[in-house]
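Peer 1: File protein27.txt below, compact mmCIF, C-alpha atoms:
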```
# COMPACT_ATOMS: atom_id res chain seq x y z
CA MET A 1 -2.09 -17.01 0.63
CA SER A 2 -4.96 -15.45 -1.35
CA SER A 3 -7.26 -12.82 0.10
CA LEU A 4 -10.17 -15.27 0.20
CA LEU A 5 -8.18 -17.85 2.16
CA GLU A 6 -6.93 -15.18 4.56
CA PHE A 7 -10.51 -13.97 5.06
CA LEU A 8 -11.78 -17.47 5.72
CA ALA A 9 -8.90 -18.21 8.09
CA ILE A 10 -9.33 -15.04 10.15
CA VAL A 11 -13.10 -14.52 10.07
CA GLY A 12 -14.17 -18.15 9.72
CA GLY A 13 -11.65 -19.44 12.24
CA THR A 14 -12.54 -16.79 14.81
CA THR A 15 -16.26 -17.44 14.43
CA ALA A 16 -15.87 -21.22 14.73
CA LEU A 17 -13.74 -20.92 17.87
CA SER A 18 -16.20 -18.44 19.39
CA ILE A 19 -19.14 -20.77 18.86
CA PHE A 20 -17.16 -23.72 20.20
CA GLY A 21 -16.32 -21.72 23.34
CA LEU A 22 -19.94 -20.73 23.84
CA VAL A 23 -21.23 -24.30 23.51
CA LEU A 24 -18.53 -25.48 25.91
CA VAL A 25 -19.48 -22.87 28.53
CA ARG A 26 -23.21 -23.61 28.17
CA SER A 27 -22.53 -27.31 28.74
CA ARG A 28 -20.49 -26.64 31.89
CA VAL A 29 -22.16 -23.65 33.53
CA LYS A 30 -25.76 -23.72 34.74
CA ARG A 31 -28.32 -21.02 34.05
CA GLU A 32 -28.67 -20.11 37.74
CA ARG A 33 -25.02 -18.99 37.89
CA LEU A 34 -25.28 -16.70 34.84
CA GLU A 35 -28.59 -14.88 35.17
CA PRO A 36 -27.77 -12.86 38.36
CA GLY A 37 -24.93 -11.06 36.56
CA HIS A 38 -26.93 -9.97 33.50
CA GLU A 39 -27.65 -6.41 34.66
CA VAL A 40 -24.11 -5.51 35.70
CA GLY A 41 -22.62 -7.52 32.83
CA GLY A 42 -24.69 -5.60 30.28
CA ILE A 43 -23.32 -2.28 31.56
CA LEU A 44 -19.73 -3.50 31.63
CA ILE A 45 -19.78 -5.01 28.16
CA ALA A 46 -21.22 -1.75 26.80
CA ILE A 47 -18.30 0.17 28.33
CA VAL A 48 -15.67 -2.32 27.16
CA GLY A 49 -17.20 -2.53 23.68
CA THR A 50 -17.19 1.25 23.32
CA LEU A 51 -13.55 1.56 24.35
CA TYR A 52 -12.56 -1.25 21.99
CA ALA A 53 -14.54 0.32 19.15
CA ILE A 54 -12.64 3.59 19.61
CA LEU A 55 -9.30 1.78 19.48
CA VAL A 56 -10.25 -0.24 16.39
CA GLY A 57 -11.66 2.85 14.70
CA LEU A 58 -8.41 4.77 15.16
CA VAL A 59 -6.33 1.87 13.82
CA VAL A 60 -8.63 1.38 10.81
CA VAL A 61 -8.49 5.09 9.95
CA SER A 62 -4.70 5.02 10.23
CA ALA A 63 -4.52 1.92 8.02
CA GLN A 64 -6.81 3.43 5.39
CA SER A 65 -4.80 6.67 5.33
CA LYS A 66 -1.72 4.56 4.67
CA VAL A 67 -3.44 3.01 1.65
CA ASP A 68 -4.53 6.43 0.37
CA GLU A 69 -1.01 7.79 0.76
CA ALA A 70 0.45 4.80 -1.09
CA SER A 71 -1.96 5.36 -3.99
CA SER A 72 -1.09 9.05 -4.09
CA GLU A 73 2.66 8.36 -4.08
CA ALA A 74 2.29 5.71 -6.81
CA ALA A 75 0.50 8.22 -9.03
CA ALA A 76 3.14 10.84 -8.22
CA GLU A 77 5.99 8.46 -9.12
CA ALA A 78 4.44 7.69 -12.51
CA ASN A 79 3.75 11.38 -13.16
CA LYS A 80 7.33 12.34 -12.29
CA LEU A 81 8.66 9.89 -14.86
CA SER A 82 6.43 11.48 -17.49
CA ASN A 83 7.45 15.00 -16.46
CA ILE A 84 11.16 14.19 -16.65
CA TYR A 85 10.66 12.65 -20.09
CA HIS A 86 9.03 15.80 -21.48
CA LEU A 87 11.43 18.19 -19.72
CA SER A 88 14.35 16.51 -21.48
CA GLY A 89 12.95 17.57 -24.87
CA PRO A 90 15.08 20.73 -25.39
CA PHE A 91 18.36 19.00 -24.39
CA GLU A 92 21.00 17.98 -26.90
CA PRO A 93 20.19 14.62 -28.58
CA ALA A 94 22.83 12.49 -26.84
CA ALA A 95 21.91 13.69 -23.34
CA ARG A 96 18.19 13.47 -24.05
CA HIS A 97 18.60 9.94 -25.40
CA LYS A 98 20.52 8.88 -22.29
CA ILE A 99 18.02 10.37 -19.85
CA ARG A 100 15.06 8.82 -21.64
CA GLY A 101 16.84 5.49 -21.86
CA GLU A 102 17.25 5.42 -18.08
CA LEU A 103 13.60 6.42 -17.64
CA HIS A 104 12.60 3.47 -19.82
CA SER A 105 14.82 1.10 -17.81
CA TYR A 106 13.39 2.48 -14.57
CA ALA A 107 9.79 2.08 -15.78
CA GLU A 108 10.37 -1.51 -16.85
CA ALA A 109 12.08 -2.42 -13.57
CA VAL A 110 9.41 -0.86 -11.38
CA VAL A 111 6.53 -2.54 -13.22
CA GLN A 112 8.03 -5.97 -13.84
CA GLN A 113 10.00 -6.46 -10.62
CA ASP A 114 9.54 -3.91 -7.81
CA TRP A 115 5.73 -3.86 -7.83
CA SER A 116 5.42 -7.63 -8.06
CA LYS A 117 7.41 -7.88 -4.82
CA VAL A 118 5.96 -5.01 -2.78
CA GLU A 119 2.47 -6.36 -3.48
CA GLN A 120 3.58 -9.44 -1.54
CA GLY A 121 5.12 -7.37 1.25
CA LEU A 122 8.64 -8.27 0.07
CA GLU A 123 11.59 -6.04 -0.70
CA LYS A 124 12.83 -5.52 -4.24
CA GLU A 125 15.00 -2.67 -5.47
CA ALA A 126 15.45 -3.39 -9.16
CA THR A 127 15.16 0.34 -9.85
CA VAL A 128 18.35 1.17 -7.93
CA ALA A 129 20.68 0.92 -10.96
CA PRO A 130 18.56 2.93 -13.46
CA TYR A 131 17.70 5.43 -10.72
CA ARG A 132 21.37 6.11 -10.03
CA ARG A 133 22.19 6.29 -13.73
CA LEU A 134 19.32 8.74 -14.21
CA TRP A 135 20.74 11.01 -11.51
CA SER A 136 24.19 10.81 -13.13
CA ALA A 137 22.79 11.67 -16.55
CA VAL A 138 20.97 14.70 -15.16
CA VAL A 139 23.83 15.95 -12.97
CA GLU A 140 26.42 15.59 -15.74
CA TYR A 141 24.45 17.66 -18.21
CA HIS A 142 25.31 21.34 -18.64
CA PRO A 143 22.54 23.52 -20.09
CA ARG A 144 23.63 25.31 -23.26
CA ASN A 145 21.42 28.38 -22.88
CA ASP A 146 18.87 30.08 -20.62
CA HIS A 147 16.01 28.18 -22.21
CA GLU A 148 17.58 24.83 -21.33
CA GLN A 149 18.51 26.14 -17.88
CA VAL A 150 14.83 26.65 -17.04
CA PHE A 151 13.98 23.11 -18.12
CA TYR A 152 17.03 21.71 -16.34
CA GLU A 153 16.12 23.28 -12.99
CA SER A 154 12.58 21.92 -13.26
CA MET A 155 13.95 18.48 -14.13
CA VAL A 156 16.19 18.43 -11.04
CA ASP A 157 13.15 19.19 -8.88
CA GLU A 158 11.20 16.40 -10.56
CA VAL A 159 14.01 13.89 -9.97
CA LYS A 160 14.11 14.89 -6.30
CA ASP A 161 10.35 14.32 -6.02
CA LEU A 162 10.74 10.99 -7.83
CA ALA A 163 13.26 9.98 -5.17
CA GLU A 164 10.73 10.72 -2.41
CA SER A 165 7.95 8.72 -4.06
CA ARG A 166 10.31 5.84 -4.75
CA LYS A 167 11.53 5.85 -1.14
CA HIS A 168 7.95 5.79 0.13
CA ARG A 169 7.16 2.73 -2.03
CA MET A 170 10.26 0.92 -0.78
CA VAL A 171 9.59 1.66 2.89
CA ALA A 172 5.78 1.58 3.24
CA ALA A 173 5.42 -2.12 2.40
CA ARG A 174 7.80 -3.01 5.24
CA ASN A 175 6.14 -0.84 7.90
CA GLN A 176 4.01 -3.43 9.67
CA LEU A 177 1.70 -2.84 12.61
CA SER A 178 3.44 -2.98 15.99
CA PRO A 179 3.33 -6.42 17.68
CA VAL A 180 2.23 -4.65 20.87
CA LEU A 181 -0.75 -3.10 19.09
CA TRP A 182 -1.59 -6.44 17.49
CA GLY A 183 -1.53 -8.00 20.95
CA VAL A 184 -3.92 -5.38 22.32
CA LEU A 185 -6.31 -5.71 19.37
CA ILE A 186 -6.45 -9.50 19.44
CA THR A 187 -6.63 -9.76 23.24
CA GLY A 188 -9.37 -7.14 23.40
CA GLY A 189 -11.43 -8.94 20.77
CA VAL A 190 -11.03 -12.29 22.52
CA LEU A 191 -12.09 -10.82 25.86
CA ILE A 192 -15.20 -9.24 24.37
CA ILE A 193 -16.25 -12.56 22.84
CA ILE A 194 -15.62 -14.38 26.14
CA PHE A 195 -17.67 -11.69 27.88
CA THR A 196 -20.71 -12.75 25.83
CA TYR A 197 -20.49 -16.20 27.43
CA PHE A 198 -21.56 -14.72 30.79
CA PHE A 199 -25.09 -14.14 29.49
CA PHE A 200 -27.77 -16.78 29.27
CA VAL A 201 -30.32 -16.90 26.46
CA GLU A 202 -33.07 -19.49 26.67
CA SER A 203 -32.50 -20.61 23.10
CA LEU A 204 -28.97 -21.88 22.54
CA LEU A 205 -29.36 -21.35 18.80
CA SER A 206 -30.25 -17.69 19.32
CA GLN A 207 -27.22 -17.13 21.54
CA VAL A 208 -24.97 -18.95 19.04
CA ILE A 209 -26.19 -16.66 16.26
CA MET A 210 -25.68 -13.51 18.35
CA THR A 211 -22.20 -14.60 19.42
CA ALA A 212 -21.38 -15.44 15.81
CA PHE A 213 -22.43 -11.94 14.75
CA VAL A 214 -20.14 -10.39 17.37
CA ALA A 215 -17.24 -12.64 16.32
CA ILE A 216 -17.74 -11.92 12.62
CA PHE A 217 -17.88 -8.16 13.14
CA LEU A 218 -14.77 -8.08 15.34
CA SER A 219 -12.75 -10.42 13.12
CA MET A 220 -13.70 -8.49 9.96
CA ASN A 221 -12.16 -5.38 11.50
CA ILE A 222 -9.04 -7.35 12.37
CA TYR A 223 -8.93 -8.69 8.80
CA LEU A 224 -9.23 -5.15 7.42
CA ILE A 225 -6.33 -3.97 9.55
CA PHE A 226 -4.30 -7.04 8.56
CA VAL A 227 -4.84 -6.39 4.85
CA CYS A 228 -4.06 -2.67 5.09
CA GLN A 229 -0.70 -3.39 6.75
CA ASN A 230 0.69 -3.63 3.24
CA PRO A 231 -0.92 -0.77 1.27
CA TYR A 232 0.38 -2.24 -1.99
CA ARG A 233 -1.68 -5.42 -1.94
CA PRO A 234 -3.37 -5.85 -5.37
CA GLU A 235 -6.91 -5.69 -3.98
CA LEU A 236 -6.28 -2.22 -2.48
CA GLY A 237 -5.57 -0.66 -5.88
CA ALA A 238 -2.45 1.38 -5.09
CA LYS A 239 -0.61 0.10 -8.16
CA SER A 240 -3.49 0.88 -10.50
CA ALA A 241 -3.34 4.51 -9.33
CA GLY A 242 0.03 4.99 -11.01
CA PHE A 243 1.35 1.84 -12.64
CA GLY A 244 -1.82 0.00 -13.61
CA ALA A 245 -3.01 -1.14 -17.02
CA SER A 246 -2.97 2.44 -18.31
CA PHE A 247 0.78 2.75 -17.66
CA SER A 248 3.33 1.43 -20.15
CA PRO A 249 7.16 1.60 -20.07
CA ALA A 250 6.97 1.96 -23.86
CA TRP A 251 6.00 5.60 -23.32
CA PHE A 252 9.60 6.36 -22.38
CA GLU A 253 11.28 4.79 -25.39
CA ASP A 254 13.37 7.34 -27.25
CA LYS A 255 14.48 7.39 -30.85
CA SER A 256 16.46 4.49 -32.26
CA THR A 257 20.25 4.67 -32.39
CA GLU A 258 20.15 5.28 -36.16
CA GLU A 259 17.73 8.19 -35.79
CA LEU A 260 19.89 9.64 -33.03
CA LYS A 261 22.99 9.50 -35.24
CA GLU A 262 21.16 11.29 -38.04
CA GLU A 263 20.02 14.00 -35.63
CA LEU A 264 23.55 14.46 -34.33
CA LYS A 265 24.81 14.85 -37.92
CA GLU A 266 22.19 17.49 -38.63
CA GLN A 267 22.94 19.49 -35.50
CA PRO A 268 26.20 21.19 -36.69
CA LYS A 269 24.50 22.21 -39.95
CA GLU A 270 21.71 23.91 -38.05
CA GLU A 271 24.20 25.78 -35.87
CA LYS A 272 26.13 27.00 -38.94
CA THR A 273 22.93 28.26 -40.51
CA LYS A 274 22.21 30.30 -37.39
```
Taking this structure as input, can you express it in the form of structure tokens?
Peer 2:
Amino acid sequence: MSSLLEFLAIVGGTTALSIFGLVLVRSRVKRERLEPGHEVGGILIAIVGTLYAILVGLVVVSAQSKVDEASSEAAAEANKLSNIYHLSGPFEPAARHKIRGELHSYAEAVVQQDWSKVEQGLEKEATVAPYRRLWSAVVEYHPRNDHEQVFYESMVDEVKDLAESRKHRMVAARNQLSPVLWGVLITGGVLIIIFTYFFFVESLLSQVIMTAFVAIFLSMNIYLIFVCQNPYRPELGAKSAGFGASFSPAWFEDKSTEELKEELKEQPKEEKTK
């Protein structure tokens, strides 16, 4: 379901039901039964509304922080791939070619498969195979000198950080809001709307408009929380922070096999010269 349809279903549906409930109550309950409770009802609805606003505010802040964290981790994951690519520069050609080949496979899998699924709140782990092969390629390499050792240690740290960012992406899309909390939010909103039915306004149209405003405001907050459950939804921009249009798996392509063979042939000659 698209964002627009979800918005119309949640906000439009809530508003329509609220207005229907109001018209139904006004047709069944006489003015004389409602007016005596206006003074006390006004105080109570102010208290209930304040408490509900605090609850919704806390949930919205938590949901937004989840989106911000997802964007940050997406950018970190993309940056780690770039860092590993450059850190492999001093390594011997065969090892460097293997590491960069796995980076390219990882980048293609995460863009073409993993992100397309997590944006829908689904699980996809197409990066598992290249991720494991990348670890193997790094662990199996033995630095030839102190210069390579410095780069190797930094690379190991970068791969560890990549693992954390990758794990966050795999887990965050599946961490939905608790059903208990959803129950409290929805029930609280419904009760507040029903509370507005206990007031009588001379003009039915005016009361319909006021009730509609309350319903729209409450349901928009519920919609916001619903959308932010999955911080990787396209409209929230987490992907664009790291793997958007400015990111390309082609960055991680290494030299062709023929160029690699030529470099390997030249390597012994350079060592003899030294």
Peer 1: Please determine, counting all atoms listed in the file, which residue among A:Leu162, A:Ala137, A:Ser178, A:Arg26 has the shortest atom-to-atom distance to Glu202 in chain A.
Peer 2: A:Arg26
Peer 1: For Val111 in chain A, which of A:Ile47, A:Val61, A:Val171, A:Ala78 is the closest residue, counting all atoms listed in the file?
Peer 2: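 Of A:Ile47, A:Val61, A:Val171, A:Ala78, the one nearest Val111 in chain A, counting all atoms listed in the file, is A:Ala78.
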Peer 1: Work out how far CA of Tyr131 in chain A is from CA of Asp146 in chain A, in Å to one decimal.
Peer 2: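 Between CA of Asp146 in chain A and CA of Tyr131 in chain A the gap is 26.6 Å.
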Peer 1: Any idea what the distance is between CA of Leu58 in chain A and CA of Ile225 in chain A?
Peer 2: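 Separating CA of Leu58 in chain A from CA of Ile225 in chain A is a distance of 10.6 Å.
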Peer 1: How far is it from CA of Thr196 in chain A to CA of Val184 in chain A, in Å with one decimal?
Peer 2: 18.7 Å
Peer 1: For Leu51 in chain A, find every residue with an atom within 12 Å (counting only C-alpha atoms), except residues of its own chain fewer than 6 positions away, and show them as a compact mmCIF listing (two decimals) with C-alpha atoms, in the frame of the given file.
Peer 2:
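Generated output (result24.txt):
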```txt
# COMPACT_ATOMS: atom_id res chain seq x y z
CA LEU A 44 -19.73 -3.50 31.63
CA ILE A 45 -19.78 -5.01 28.16
CA GLY A 57 -11.66 2.85 14.70
CA LEU A 58 -8.41 4.77 15.16
CA LEU A 185 -6.31 -5.71 19.37
CA GLY A 188 -9.37 -7.14 23.40
CA GLY A 189 -11.43 -8.94 20.77
CA ILE A 192 -15.20 -9.24 24.37
```
Peer 1: From the options A:Glu32, A:Glu102, A:Glu108, A:Glu69, which residue's atoms come nearest to Ala238 in chain A, counting all atoms listed in the file?
Peer 2: A:Glu69
Peer 1: Which residues are near range 203-209 of chain A? Cut-off 10 Å, all atoms listed in the file, ignore same chain within fewer than 4 positions. Put them as a PDB file with C-alpha atoms, in the frame of the given file.
Peer 2:
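And here's selection_3.pdb as it stands now:
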```
ATOM      1  CA  THR A  15     -16.260 -17.440  14.430  1.00  0.00           C
ATOM      2  CA  SER A  18     -16.200 -18.440  19.390  1.00  0.00           C
ATOM      3  CA  ILE A  19     -19.140 -20.770  18.860  1.00  0.00           C
ATOM      4  CA  PHE A  20     -17.160 -23.720  20.200  1.00  0.00           C
ATOM      5  CA  LEU A  22     -19.940 -20.730  23.840  1.00  0.00           C
ATOM      6  CA  VAL A  23     -21.230 -24.300  23.510  1.00  0.00           C
ATOM      7  CA  ARG A  26     -23.210 -23.610  28.170  1.00  0.00           C
ATOM      8  CA  THR A 196     -20.710 -12.750  25.830  1.00  0.00           C
ATOM      9  CA  TYR A 197     -20.490 -16.200  27.430  1.00  0.00           C
ATOM     10  CA  PHE A 199     -25.090 -14.140  29.490  1.00  0.00           C
ATOM     11  CA  PHE A 213     -22.430 -11.940  14.750  1.00  0.00           C
ATOM     12  CA  VAL A 214     -20.140 -10.390  17.370  1.00  0.00           C
ATOM     13  CA  ALA A 215     -17.240 -12.640  16.320  1.00  0.00           C
TER      14      ALA A 215
END
```
Peer 1: Taking only C-alpha atoms, show range 108-228 of chain A of the given structure as a PDB file, in the first residue's frame.
Peer 2:
```pdb
ATOM      1  CA  GLU A 108      25.453  -4.773  -5.523  1.00  0.00           C
ATOM      2  CA  ALA A 109      23.554  -7.103  -3.187  1.00  0.00           C
ATOM      3  CA  VAL A 110      22.750  -4.421  -0.636  1.00  0.00           C
ATOM      4  CA  VAL A 111      21.476  -1.944  -3.247  1.00  0.00           C
ATOM      5  CA  GLN A 112      19.613  -4.297  -5.559  1.00  0.00           C
ATOM      6  CA  GLN A 113      18.152  -6.740  -3.028  1.00  0.00           C
ATOM      7  CA  ASP A 114      18.508  -5.937   0.681  1.00  0.00           C
ATOM      8  CA  TRP A 115      17.328  -2.318   0.502  1.00  0.00           C
ATOM      9  CA  SER A 116      14.396  -3.120  -1.764  1.00  0.00           C
ATOM     10  CA  LYS A 117      13.121  -5.513   0.916  1.00  0.00           C
ATOM     11  CA  VAL A 118      13.815  -3.575   4.112  1.00  0.00           C
ATOM     12  CA  GLU A 119      11.999  -0.583   2.613  1.00  0.00           C
ATOM     13  CA  GLN A 120       8.913  -2.809   2.611  1.00  0.00           C
ATOM     14  CA  GLY A 121       9.555  -4.030   6.151  1.00  0.00           C
ATOM     15  CA  LEU A 122      10.615  -7.460   4.855  1.00  0.00           C
ATOM     16  CA  GLU A 123      13.729  -9.475   5.577  1.00  0.00           C
ATOM     17  CA  LYS A 124      16.418 -10.016   2.959  1.00  0.00           C
ATOM     18  CA  GLU A 125      19.997 -11.044   3.599  1.00  0.00           C
ATOM     19  CA  ALA A 126      21.540 -11.179   0.142  1.00  0.00           C
ATOM     20  CA  THR A 127      24.738  -9.698   1.592  1.00  0.00           C
ATOM     21  CA  VAL A 128      25.402 -12.735   3.804  1.00  0.00           C
ATOM     22  CA  ALA A 129      27.569 -14.591   1.261  1.00  0.00           C
ATOM     23  CA  PRO A 130      29.776 -11.647   0.155  1.00  0.00           C
ATOM     24  CA  TYR A 131      30.013 -10.465   3.768  1.00  0.00           C
ATOM     25  CA  ARG A 132      31.359 -13.829   4.905  1.00  0.00           C
ATOM     26  CA  ARG A 133      33.733 -14.041   1.948  1.00  0.00           C
ATOM     27  CA  LEU A 134      34.977 -10.534   2.743  1.00  0.00           C
ATOM     28  CA  TRP A 135      35.781 -11.575   6.307  1.00  0.00           C
ATOM     29  CA  SER A 136      37.604 -14.669   5.019  1.00  0.00           C
ATOM     30  CA  ALA A 137      39.634 -12.618   2.556  1.00  0.00           C
ATOM     31  CA  VAL A 138      40.681 -10.186   5.282  1.00  0.00           C
ATOM     32  CA  VAL A 139      41.420 -12.817   7.940  1.00  0.00           C
ATOM     33  CA  GLU A 140      43.458 -14.991   5.558  1.00  0.00           C
ATOM     34  CA  TYR A 141      45.749 -12.172   4.522  1.00  0.00           C
ATOM     35  CA  HIS A 142      49.133 -11.837   6.213  1.00  0.00           C
ATOM     36  CA  PRO A 143      50.723  -8.375   6.052  1.00  0.00           C
ATOM     37  CA  ARG A 144      54.158  -8.434   4.432  1.00  0.00           C
ATOM     38  CA  ASN A 145      55.643  -5.481   6.314  1.00  0.00           C
ATOM     39  CA  ASP A 146      54.944  -2.881   9.006  1.00  0.00           C
ATOM     40  CA  HIS A 147      53.375  -0.523   6.488  1.00  0.00           C
ATOM     41  CA  GLU A 148      50.792  -3.132   5.480  1.00  0.00           C
ATOM     42  CA  GLN A 149      50.286  -4.085   9.126  1.00  0.00           C
ATOM     43  CA  VAL A 150      49.055  -0.568   9.919  1.00  0.00           C
ATOM     44  CA  PHE A 151      46.584  -0.674   7.038  1.00  0.00           C
ATOM     45  CA  TYR A 152      45.527  -4.219   7.925  1.00  0.00           C
ATOM     46  CA  GLU A 153      44.677  -3.346  11.530  1.00  0.00           C
ATOM     47  CA  SER A 154      42.610  -0.376  10.382  1.00  0.00           C
ATOM     48  CA  MET A 155      40.826  -2.574   7.854  1.00  0.00           C
ATOM     49  CA  VAL A 156      39.876  -5.128  10.521  1.00  0.00           C
ATOM     50  CA  ASP A 157      38.338  -2.323  12.585  1.00  0.00           C
ATOM     51  CA  GLU A 158      36.409  -1.082   9.563  1.00  0.00           C
ATOM     52  CA  VAL A 159      35.044  -4.564   8.824  1.00  0.00           C
ATOM     53  CA  LYS A 160      33.907  -4.859  12.440  1.00  0.00           C
ATOM     54  CA  ASP A 161      32.100  -1.520  12.178  1.00  0.00           C
ATOM     55  CA  LEU A 162      30.576  -2.635   8.869  1.00  0.00           C
ATOM     56  CA  ALA A 163      29.192  -5.673  10.666  1.00  0.00           C
ATOM     57  CA  GLU A 164      27.484  -3.440  13.246  1.00  0.00           C
ATOM     58  CA  SER A 165      25.890  -1.184  10.631  1.00  0.00           C
ATOM     59  CA  ARG A 166      24.770  -4.183   8.611  1.00  0.00           C
ATOM     60  CA  LYS A 167      23.254  -5.825  11.690  1.00  0.00           C
ATOM     61  CA  HIS A 168      21.370  -2.630  12.536  1.00  0.00           C
ATOM     62  CA  ARG A 169      19.870  -2.505   9.029  1.00  0.00           C
ATOM     63  CA  MET A 170      18.789  -6.141   9.238  1.00  0.00           C
ATOM     64  CA  VAL A 171      17.201  -5.787  12.680  1.00  0.00           C
ATOM     65  CA  ALA A 172      15.725  -2.256  12.736  1.00  0.00           C
ATOM     66  CA  ALA A 173      13.150  -2.906   9.990  1.00  0.00           C
ATOM     67  CA  ARG A 174      11.717  -5.805  12.006  1.00  0.00           C
ATOM     68  CA  ASN A 175      11.468  -3.960  15.328  1.00  0.00           C
ATOM     69  CA  GLN A 176       7.817  -2.954  15.284  1.00  0.00           C
ATOM     70  CA  LEU A 177       5.967  -1.004  17.947  1.00  0.00           C
ATOM     71  CA  SER A 178       4.628  -3.148  20.786  1.00  0.00           C
ATOM     72  CA  PRO A 179       0.998  -4.308  20.313  1.00  0.00           C
ATOM     73  CA  VAL A 180       0.336  -3.176  23.892  1.00  0.00           C
ATOM     74  CA  LEU A 181       1.535   0.347  23.101  1.00  0.00           C
ATOM     75  CA  TRP A 182      -0.509   0.369  19.899  1.00  0.00           C
ATOM     76  CA  GLY A 183      -3.551  -0.626  21.938  1.00  0.00           C
ATOM     77  CA  VAL A 184      -2.998   2.219  24.398  1.00  0.00           C
ATOM     78  CA  LEU A 185      -2.465   4.789  21.624  1.00  0.00           C
ATOM     79  CA  ILE A 186      -5.518   3.783  19.612  1.00  0.00           C
ATOM     80  CA  THR A 187      -7.793   3.349  22.634  1.00  0.00           C
ATOM     81  CA  GLY A 188      -6.711   6.700  24.058  1.00  0.00           C
ATOM     82  CA  GLY A 189      -7.399   8.472  20.773  1.00  0.00           C
ATOM     83  CA  VAL A 190     -10.817   6.859  20.425  1.00  0.00           C
ATOM     84  CA  LEU A 191     -11.785   7.835  23.968  1.00  0.00           C
ATOM     85  CA  ILE A 192     -10.760  11.452  23.429  1.00  0.00           C
ATOM     86  CA  ILE A 193     -12.888  11.658  20.282  1.00  0.00           C
ATOM     87  CA  ILE A 194     -15.856  10.072  22.082  1.00  0.00           C
ATOM     88  CA  PHE A 195     -15.348  12.572  24.904  1.00  0.00           C
ATOM     89  CA  THR A 196     -16.065  15.414  22.453  1.00  0.00           C
ATOM     90  CA  TYR A 197     -19.550  13.957  21.915  1.00  0.00           C
ATOM     91  CA  PHE A 198     -20.523  14.951  25.483  1.00  0.00           C
ATOM     92  CA  PHE A 199     -20.515  18.636  24.535  1.00  0.00           C
ATOM     93  CA  PHE A 200     -23.339  20.413  22.772  1.00  0.00           C
ATOM     94  CA  VAL A 201     -22.765  23.171  20.222  1.00  0.00           C
ATOM     95  CA  GLU A 202     -25.794  24.970  18.848  1.00  0.00           C
ATOM     96  CA  SER A 203     -24.590  24.587  15.278  1.00  0.00           C
ATOM     97  CA  LEU A 204     -24.148  20.946  14.302  1.00  0.00           C
ATOM     98  CA  LEU A 205     -21.869  21.982  11.438  1.00  0.00           C
ATOM     99  CA  SER A 206     -19.574  23.843  13.827  1.00  0.00           C
ATOM    100  CA  GLN A 207     -19.329  20.840  16.140  1.00  0.00           C
ATOM    101  CA  VAL A 208     -18.696  18.520  13.175  1.00  0.00           C
ATOM    102  CA  ILE A 209     -15.824  20.735  12.040  1.00  0.00           C
ATOM    103  CA  MET A 210     -14.302  20.907  15.531  1.00  0.00           C
ATOM    104  CA  THR A 211     -14.595  17.146  16.004  1.00  0.00           C
ATOM    105  CA  ALA A 212     -13.073  16.614  12.575  1.00  0.00           C
ATOM    106  CA  PHE A 213     -10.105  18.792  13.539  1.00  0.00           C
ATOM    107  CA  VAL A 214      -9.543  16.736  16.694  1.00  0.00           C
ATOM    108  CA  ALA A 215      -9.808  13.461  14.743  1.00  0.00           C
ATOM    109  CA  ILE A 216      -7.444  14.661  12.010  1.00  0.00           C
ATOM    110  CA  PHE A 217      -4.822  15.837  14.492  1.00  0.00           C
ATOM    111  CA  LEU A 218      -4.914  12.628  16.533  1.00  0.00           C
ATOM    112  CA  SER A 219      -4.917  10.328  13.501  1.00  0.00           C
ATOM    113  CA  MET A 220      -2.035  12.225  11.867  1.00  0.00           C
ATOM    114  CA  ASN A 221       0.078  11.486  14.929  1.00  0.00           C
ATOM    115  CA  ILE A 222      -0.917   7.831  14.741  1.00  0.00           C
ATOM    116  CA  TYR A 223      -0.028   7.824  11.026  1.00  0.00           C
ATOM    117  CA  LEU A 224       3.374   9.340  11.785  1.00  0.00           C
ATOM    118  CA  ILE A 225       4.106   6.667  14.370  1.00  0.00           C
ATOM    119  CA  PHE A 226       2.885   3.972  11.967  1.00  0.00           C
ATOM    120  CA  VAL A 227       5.189   5.185   9.190  1.00  0.00           C
ATOM    121  CA  CYS A 228       8.229   5.515  11.458  1.00  0.00           C
TER     122      CYS A 228
END
```
